[in-house]
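K.L.:
Have a peek at query.txt (compact mmCIF, C-alpha atoms and all ligand atoms).
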```txt
# COMPACT_ATOMS: atom_id res chain seq x y z
CA MET A 122 70.52 86.54 102.27
CA ARG A 123 70.63 87.67 98.67
CA ARG A 124 72.10 85.21 96.19
CA LYS A 125 74.84 86.45 93.92
CA PHE A 126 73.98 86.56 90.21
CA VAL A 127 76.43 86.52 87.31
CA ALA A 128 74.90 87.30 83.91
CA GLY A 129 76.70 87.18 80.56
CA ASN A 130 75.55 89.62 77.89
CA TRP A 131 76.87 88.26 74.59
CA LYS A 132 75.60 91.30 72.65
CA MET A 133 75.69 90.82 68.85
CA HIS A 134 78.41 88.18 68.93
CA GLY A 135 78.47 84.45 68.29
CA SER A 136 77.57 81.82 65.75
CA LEU A 137 76.09 78.34 66.01
CA ALA A 138 79.56 76.82 66.05
CA GLU A 139 81.06 79.31 68.48
CA ASN A 140 78.07 79.12 70.83
CA GLN A 141 78.16 75.33 70.78
CA THR A 142 81.71 75.34 72.11
CA ARG A 143 81.07 78.06 74.69
CA LEU A 144 77.78 76.59 75.93
CA SER A 145 79.23 73.09 76.24
CA GLN A 146 82.14 74.46 78.28
CA LEU A 147 79.76 76.37 80.56
CA ALA A 148 77.47 73.35 80.95
CA LYS A 149 80.41 71.22 81.97
CA GLY A 150 82.26 73.77 84.12
CA LEU A 151 79.31 75.30 85.97
CA SER A 152 77.11 72.27 86.60
CA GLN A 153 78.26 71.98 90.23
CA LEU A 154 77.79 75.65 91.12
CA LYS A 155 74.45 75.71 92.92
CA THR A 156 74.95 78.64 95.29
CA LEU A 157 74.53 81.47 92.83
CA ASP A 158 72.29 82.49 89.95
CA MET A 159 73.86 82.40 86.48
CA ALA A 160 72.49 83.26 83.04
CA VAL A 161 73.63 84.03 79.51
CA PHE A 162 71.96 86.41 77.09
CA SER A 163 72.20 85.56 73.40
CA THR A 164 70.54 87.21 70.44
CA ALA A 165 67.08 85.83 69.68
CA PRO A 166 68.13 83.39 66.92
CA TYR A 167 70.29 81.45 69.37
CA LEU A 168 67.85 81.11 72.26
CA PHE A 169 66.83 77.64 71.11
CA GLN A 170 70.46 76.59 71.11
CA CYS A 171 70.93 78.01 74.63
CA LYS A 172 67.85 76.12 75.80
CA SER A 173 69.05 72.86 74.23
CA LEU A 174 72.49 73.01 75.78
CA LEU A 175 71.70 74.57 79.17
CA ALA A 176 68.34 73.05 80.14
CA ALA A 177 69.95 70.37 82.29
CA THR A 178 72.35 72.79 84.01
CA PRO A 179 72.00 75.50 86.69
CA VAL A 180 72.75 78.15 84.04
CA LYS A 181 69.66 80.02 82.79
CA TRP A 182 69.32 81.98 79.55
CA GLY A 183 67.51 85.06 78.37
CA ALA A 184 67.13 87.73 75.71
CA GLN A 185 68.87 91.08 75.36
CA ASN A 186 65.71 92.99 74.49
CA ILE A 187 61.95 92.58 74.19
CA SER A 188 59.18 94.41 72.39
CA GLU A 189 57.06 96.78 74.42
CA HIS A 190 54.04 95.39 72.49
CA ALA A 191 52.36 92.02 72.98
CA GLN A 192 52.06 91.24 69.25
CA GLY A 193 51.30 92.83 65.90
CA ALA A 194 52.84 94.59 62.95
CA PHE A 195 56.22 95.40 64.51
CA THR A 196 58.80 94.20 62.00
CA GLY A 197 61.96 92.92 63.60
CA GLU A 198 60.66 92.81 67.15
CA THR A 199 60.39 89.85 69.56
CA SER A 200 57.41 89.48 71.89
CA VAL A 201 57.30 88.13 75.41
CA ALA A 202 55.29 85.11 74.22
CA MET A 203 58.12 84.27 71.82
CA LEU A 204 60.65 84.44 74.64
CA GLN A 205 58.39 82.16 76.67
CA ASP A 206 58.44 79.66 73.80
CA PHE A 207 62.17 79.37 74.40
CA SER A 208 61.81 79.13 78.20
CA CYS A 209 63.70 82.36 78.90
CA ASP A 210 63.87 83.22 82.59
CA TYR A 211 65.23 86.73 82.14
CA VAL A 212 65.38 89.62 79.71
CA ILE A 213 67.72 92.62 79.74
CA ILE A 214 65.77 95.89 79.64
CA GLY A 215 67.06 99.37 78.93
CA HIS A 216 70.70 98.51 78.31
CA SER A 217 72.58 101.75 77.66
CA GLU A 218 73.31 100.59 74.08
CA ARG A 219 69.53 100.33 73.52
CA ARG A 220 68.97 103.71 75.14
CA GLU A 221 71.79 105.46 73.26
CA LEU A 222 71.97 103.73 69.87
CA PHE A 223 68.29 102.90 69.46
CA ALA A 224 66.90 105.92 71.29
CA GLU A 225 64.87 103.95 73.83
CA ASN A 226 63.37 106.30 76.36
CA ASP A 227 62.28 105.79 79.97
CA ALA A 228 58.64 105.26 78.94
CA GLN A 229 59.57 102.47 76.52
CA VAL A 230 61.83 100.89 79.10
CA ALA A 231 58.92 100.88 81.57
CA ALA A 232 56.61 99.35 78.93
CA LYS A 233 59.15 96.60 78.24
CA PHE A 234 59.45 95.91 81.96
CA VAL A 235 55.67 95.46 82.08
CA GLN A 236 55.67 93.18 79.01
CA ALA A 237 58.37 90.93 80.44
CA GLN A 238 56.48 90.47 83.69
CA THR A 239 53.20 89.65 81.94
CA GLY A 240 55.02 86.54 80.72
CA ASN A 241 56.70 85.81 84.07
CA ILE A 242 60.07 86.69 82.62
CA THR A 243 62.27 88.57 85.08
CA PRO A 244 63.44 91.93 83.74
CA ILE A 245 67.01 93.00 84.41
CA LEU A 246 66.61 96.76 84.43
CA CYS A 247 69.81 98.53 83.38
CA VAL A 248 70.62 102.02 84.58
CA GLY A 249 73.77 104.09 84.33
CA GLU A 250 75.25 107.52 83.86
CA SER A 251 77.47 108.91 81.11
CA LEU A 252 80.95 110.23 81.83
CA GLN A 253 79.66 113.78 81.43
CA GLN A 254 76.91 113.15 83.99
CA ARG A 255 79.38 111.62 86.43
CA GLU A 256 81.75 114.54 86.05
CA ALA A 257 78.85 116.93 86.59
CA GLY A 258 78.10 115.14 89.86
CA THR A 259 74.63 114.03 88.74
CA THR A 260 75.15 110.25 88.85
CA VAL A 261 72.67 109.44 91.62
CA GLU A 262 70.14 111.90 90.20
CA VAL A 263 70.31 110.26 86.74
CA ILE A 264 69.99 106.75 88.12
CA SER A 265 67.15 107.70 90.44
CA ARG A 266 65.27 109.22 87.50
CA GLN A 267 65.74 106.06 85.42
CA ILE A 268 64.44 103.84 88.22
CA GLN A 269 61.65 106.22 89.24
CA ALA A 270 60.36 106.23 85.64
CA VAL A 271 59.69 102.49 85.95
CA LEU A 272 58.49 102.68 89.56
CA ASP A 273 55.90 105.30 88.57
CA VAL A 274 54.43 102.90 86.02
CA VAL A 275 54.60 99.53 87.77
CA GLY A 276 54.78 100.28 91.51
CA ILE A 277 57.31 98.98 94.01
CA GLN A 278 55.81 95.50 94.47
CA LYS A 279 56.65 94.59 90.86
CA PHE A 280 60.30 95.19 91.69
CA ALA A 281 60.13 92.09 93.89
CA GLN A 282 60.35 90.10 90.62
CA ALA A 283 63.08 92.13 88.97
CA VAL A 284 66.84 92.60 88.98
CA ILE A 285 68.67 95.93 88.62
CA ALA A 286 72.01 96.33 86.85
CA TYR A 287 74.06 99.45 87.47
CA GLU A 288 76.25 99.99 84.42
CA PRO A 289 78.16 103.26 84.19
CA ILE A 290 78.27 103.96 80.45
CA TRP A 291 81.89 105.11 80.62
CA ALA A 292 82.90 101.68 81.95
CA ILE A 293 81.16 99.55 79.32
CA GLY A 294 83.55 97.92 76.89
CA THR A 295 86.22 100.49 77.71
CA GLY A 296 88.39 98.46 80.06
CA LYS A 297 87.73 101.20 82.64
CA THR A 298 85.96 99.76 85.67
CA ALA A 299 84.27 101.75 88.38
CA THR A 300 86.25 101.34 91.58
CA PRO A 301 84.61 99.02 94.11
CA GLN A 302 83.86 102.15 96.17
CA GLN A 303 82.21 103.94 93.23
CA ALA A 304 80.07 100.87 92.56
CA GLN A 305 79.12 100.48 96.23
CA GLU A 306 78.16 104.14 96.49
CA VAL A 307 75.67 103.90 93.62
CA HIS A 308 74.36 100.47 94.59
CA SER A 309 73.70 101.74 98.09
CA ALA A 310 71.89 104.80 96.68
CA ILE A 311 69.71 102.48 94.56
CA ARG A 312 68.85 100.35 97.58
CA SER A 313 67.98 103.45 99.61
CA LEU A 314 65.69 104.70 96.87
CA LEU A 315 63.88 101.34 96.85
CA ALA A 316 63.78 101.27 100.66
CA LYS A 317 61.88 104.56 100.69
CA ASN A 318 59.16 102.65 98.86
CA ASP A 319 59.47 99.24 100.52
CA GLN A 320 62.10 98.03 102.94
CA CYS A 321 61.64 94.36 102.13
CA VAL A 322 61.85 94.77 98.35
CA ALA A 323 64.99 96.86 98.82
CA GLN A 324 66.66 94.27 101.03
CA ASN A 325 65.94 91.42 98.62
CA MET A 326 66.81 93.22 95.38
CA GLN A 327 69.74 91.77 93.44
CA ILE A 328 71.73 94.76 92.19
CA LEU A 329 74.38 93.80 89.64
CA TYR A 330 77.36 95.87 88.57
CA GLY A 331 78.31 95.99 84.89
CA GLY A 332 81.21 97.61 83.05
CA SER A 333 84.48 95.85 82.19
CA VAL A 334 84.11 93.12 84.82
CA LYS A 335 86.89 90.56 84.37
CA PRO A 336 88.34 87.66 86.36
CA GLY A 337 90.97 90.06 87.73
CA ASN A 338 88.58 92.61 89.24
CA ALA A 339 85.44 90.57 89.97
CA ALA A 340 86.27 89.51 93.53
CA GLU A 341 86.87 93.01 94.88
CA ILE A 342 83.67 94.30 93.28
CA PHE A 343 81.66 91.36 94.66
CA ALA A 344 83.07 92.04 98.12
CA GLN A 345 81.04 95.26 98.36
CA PRO A 346 77.99 94.86 100.61
CA ASP A 347 75.45 96.13 98.08
CA VAL A 348 76.93 94.48 94.97
CA ASP A 349 75.08 91.24 94.30
CA GLY A 350 76.88 90.12 91.16
CA ALA A 351 77.69 91.31 87.67
CA LEU A 352 76.36 91.82 84.19
CA VAL A 353 79.39 90.86 82.12
CA GLY A 354 79.81 91.80 78.46
CA GLY A 355 83.15 91.19 76.77
CA ALA A 356 84.51 88.68 79.29
CA SER A 357 81.37 86.54 78.98
CA LEU A 358 82.40 85.58 75.44
CA ASN A 359 85.29 83.62 76.88
CA ALA A 360 83.94 80.57 78.72
CA GLY A 361 87.01 80.35 80.95
CA ASP A 362 86.76 84.00 82.00
CA PHE A 363 83.02 83.78 82.59
CA MET A 364 83.45 80.67 84.73
CA GLU A 365 86.17 82.36 86.79
CA ILE A 366 83.87 85.32 87.43
CA CYS A 367 81.10 82.90 88.49
CA LYS A 368 83.49 81.16 90.85
CA ALA A 369 84.57 84.51 92.32
CA ALA A 370 80.91 85.12 93.16
CA SER A 371 80.20 81.70 94.61
P1 LIG B 401 81.50 94.99 79.25
O1 LIG B 401 79.92 95.16 78.97
O2 LIG B 401 81.63 93.95 80.34
O3 LIG B 401 82.06 94.54 77.96
O4 LIG B 401 82.00 96.31 79.68
C1 LIG B 401 78.99 95.17 80.02
C2 LIG B 401 77.59 95.33 79.47
O5 LIG B 401 77.41 96.11 78.52
O6 LIG B 401 76.65 94.69 79.97
```
Here is a file; write its structure as structure tokens.

P.N.:
Amino acid sequence: MRRKFVAGNWKMHGSLAENQTRLSQLAKGLSQLKTLDMAVFSTAPYLFQCKSLLAATPVKWGAQNISEHAQGAFTGETSVAMLQDFSCDYVIIGHSERRELFAENDAQVAAKFVQAQTGNITPILCVGESLQQREAGTTVEVISRQIQAVLDVVGIQKFAQAVIAYEPIWAIGTGKTATPQQAQEVHSAIRSLLAKNDQCVAQNMQILYGGSVKPGNAAEIFAQPDVDGALVGGASLNAGDFMEICKAAS
């Protein structure tokens, strides 16, 4: 049985004071939830704060990005060793905002996936199609290409220590959610692609849905057989909303 996983991507939001309130609420409200995986993703400056306030809780923390290099003259980047210093369990890789706004390509995404795993940090590999690609009927093709680009570099066995997040770009931060059926269709296609490489890895893979997940729509999305949780953006900034989504998954 796959465990459900609810992950909160805070993006470039927060402050010490704001995080303190939110993290304390999560620590208090989620401490009894032991049946699912939960994590929050802050920007790098706040990872120490996440560690301090969450270490004694079932909620894990991680980074939103990682350098594809181990160390060196890469101004502004954060290495896997640095994330290890803050006991991160996870890192988000290839979020569509990184791909679109910072021009990250499939090769870089694969290199970041490799870096994360060298430090035993679980990559959450994000994939997703644009509205134009969906309307052109190329959704599964686009997603397969994004996953295959990483598979070609690391091989299927490395996916046993990874998570995949399907995030249709047109649903991110727009208030437009994929229907549960649309999500299921793509999640099932992702699992089939993995199964062609290894049945066991495919069966155990946590595949999260992301894109305007809220307390009001979480349950019906989680009810789909191939949806194993959510990567939540906007709603994860509100502790109450995030906790409701976690409870819907538990
Ligand atoms: P959203 O963001 O929930 O605000 O749509 C999801 C994401 O980008 O991970």

K.L.:
Using all atoms listed in the file, find each residue with an atom at most 9 Å away from ligand LIG 401 (chain B) and format the answer as a PyMOL selection string.

P.N.:
chain A and resi 128-132+216-218+247+286+288+290-298+330-335+351-357

K.L.:
Taking only C-alpha atoms into account, which of A:Ser200, A:Gln170, A:Asn325, A:Thr156 comes nearest Ala283 of chain A?

P.N.:
A:Asn325

K.L.:
Can you pull out the residues contacting Ala370 of chain A? Cut-off 9 Å, using all atoms listed in the file, and skip same-chain residues under 5 positions away; I want them as a tab-separated table (two decimals) with C-alpha atoms, in the coordinates of the input.

P.N.:
```
chain	number	residue	atom	x	y	z
A	125	LYS	CA	74.84	86.45	93.92
A	126	PHE	CA	73.98	86.56	90.21
A	127	VAL	CA	76.43	86.52	87.31
A	157	LEU	CA	74.53	81.47	92.83
A	339	ALA	CA	85.44	90.57	89.97
A	340	ALA	CA	86.27	89.51	93.53
A	343	PHE	CA	81.66	91.36	94.66
A	344	ALA	CA	83.07	92.04	98.12
A	349	ASP	CA	75.08	91.24	94.30
A	350	GLY	CA	76.88	90.12	91.16
A	351	ALA	CA	77.69	91.31	87.67
A	365	GLU	CA	86.17	82.36	86.79
```

K.L.:
When distances are computed from all atoms listed in the file, which of A:Lys368, A:Arg220, A:Arg124, A:Lys172 shows the smallest separation from Gln141 of chain A?

P.N.:
A:Lys172

K.L.:
Record the distance separating atom CA of Val230 of chain A and atom CA of Ile214 of chain A, expressed in Å with one decimal.

P.N.:
6.4 Å

K.L.:
Which polymer residues have any atom within 9 Å of an atom of Asn318 of chain A, counting all atoms listed in the file, with same-chain residues fewer than 5 positions away left out, as an mmCIF file with C-alpha atoms, in the frame of the given file?

P.N.:
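In the end it all went to around_7.cif:
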```cif
data_model
loop_
_atom_site.group_PDB
_atom_site.id
_atom_site.type_symbol
_atom_site.label_atom_id
_atom_site.label_comp_id
_atom_site.auth_asym_id
_atom_site.auth_seq_id
_atom_site.Cartn_x
_atom_site.Cartn_y
_atom_site.Cartn_z
ATOM 1 C CA GLY A 276 54.780 100.280 91.510
ATOM 2 C CA ILE A 277 57.310 98.980 94.010
ATOM 3 C CA SER A 313 67.980 103.450 99.610
ATOM 4 C CA ALA A 323 64.990 96.860 98.820
#
```

K.L.:
What is the atom CA of Val248 of chain A to atom CA of Ala184 of chain A distance in Å?

P.N.:
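Atom CA of Val248 of chain A sits 17.2 Å away from atom CA of Ala184 of chain A.
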
K.L.:
Could you state the separation of atom CA of Trp182 of chain A and atom CA of Ile285 of chain A in Å, given to one decimal place?

P.N.:
16.7 Å

K.L.:
For Asp206 of chain A, which of A:Phe363, A:Phe162, A:Phe169, A:Phe280 is the closest residue, counting all atoms listed in the file?

P.N.:
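Closest residue, counting all atoms listed in the file: A:Phe169.
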
K.L.:
Between A:Ile366, A:Met326, A:Ala194, A:Ala176, which one has atoms that come closest to Ala281 of chain A, using all atoms listed in the file?

P.N.:
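Using all atoms listed in the file, Ala281 of chain A sits closest to A:Met326.
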
K.L.:
Just the residues within 12 Å of Lys317 of chain A, please, counting only C-alpha atoms, with nothing from its chain fewer than 4 positions along; format it as a ChimeraX atom specification.

P.N.:
/A:265,269,272,277,310-313,321-324

K.L.:
From the options A:Val263, A:Gly258, A:Gly249, A:Ala304, which residue's atoms come nearest to Pro289 of chain A, counting all atoms listed in the file?

P.N.:
A:Gly249

K.L.:
Of the candidates A:Ser371, A:Asn186, A:Gln146, A:Gln267, which shows the shortest atom-to-atom distance to Met159 of chain A, using only C-alpha atoms?

P.N.:
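Under the stated criterion, the closest residue is A:Ser371.
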
K.L.:
Just want the 8 Å neighbourhood of Val180 of chain A, counted on all atoms listed in the file, with same-chain residues fewer than 3 positions away dropped. Output as a VMD selection string.

P.N.:
chain A and resid 148 151 to 152 158 to 161 175 to 176

K.L.:
For Glu139 of chain A, find every residue with an atom within 12 Å (counting only C-alpha atoms), except residues of its own chain fewer than 4 positions away, and show them as a list in words.

P.N.:
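Once the adjacent positions are removed, what remains is Trp131, His134, Gly135, Arg143, Leu144, Ser145, Gln146, Ser163, Tyr167, Gln170, Cys171, Leu358, Asn359 and Ala360 of chain A.
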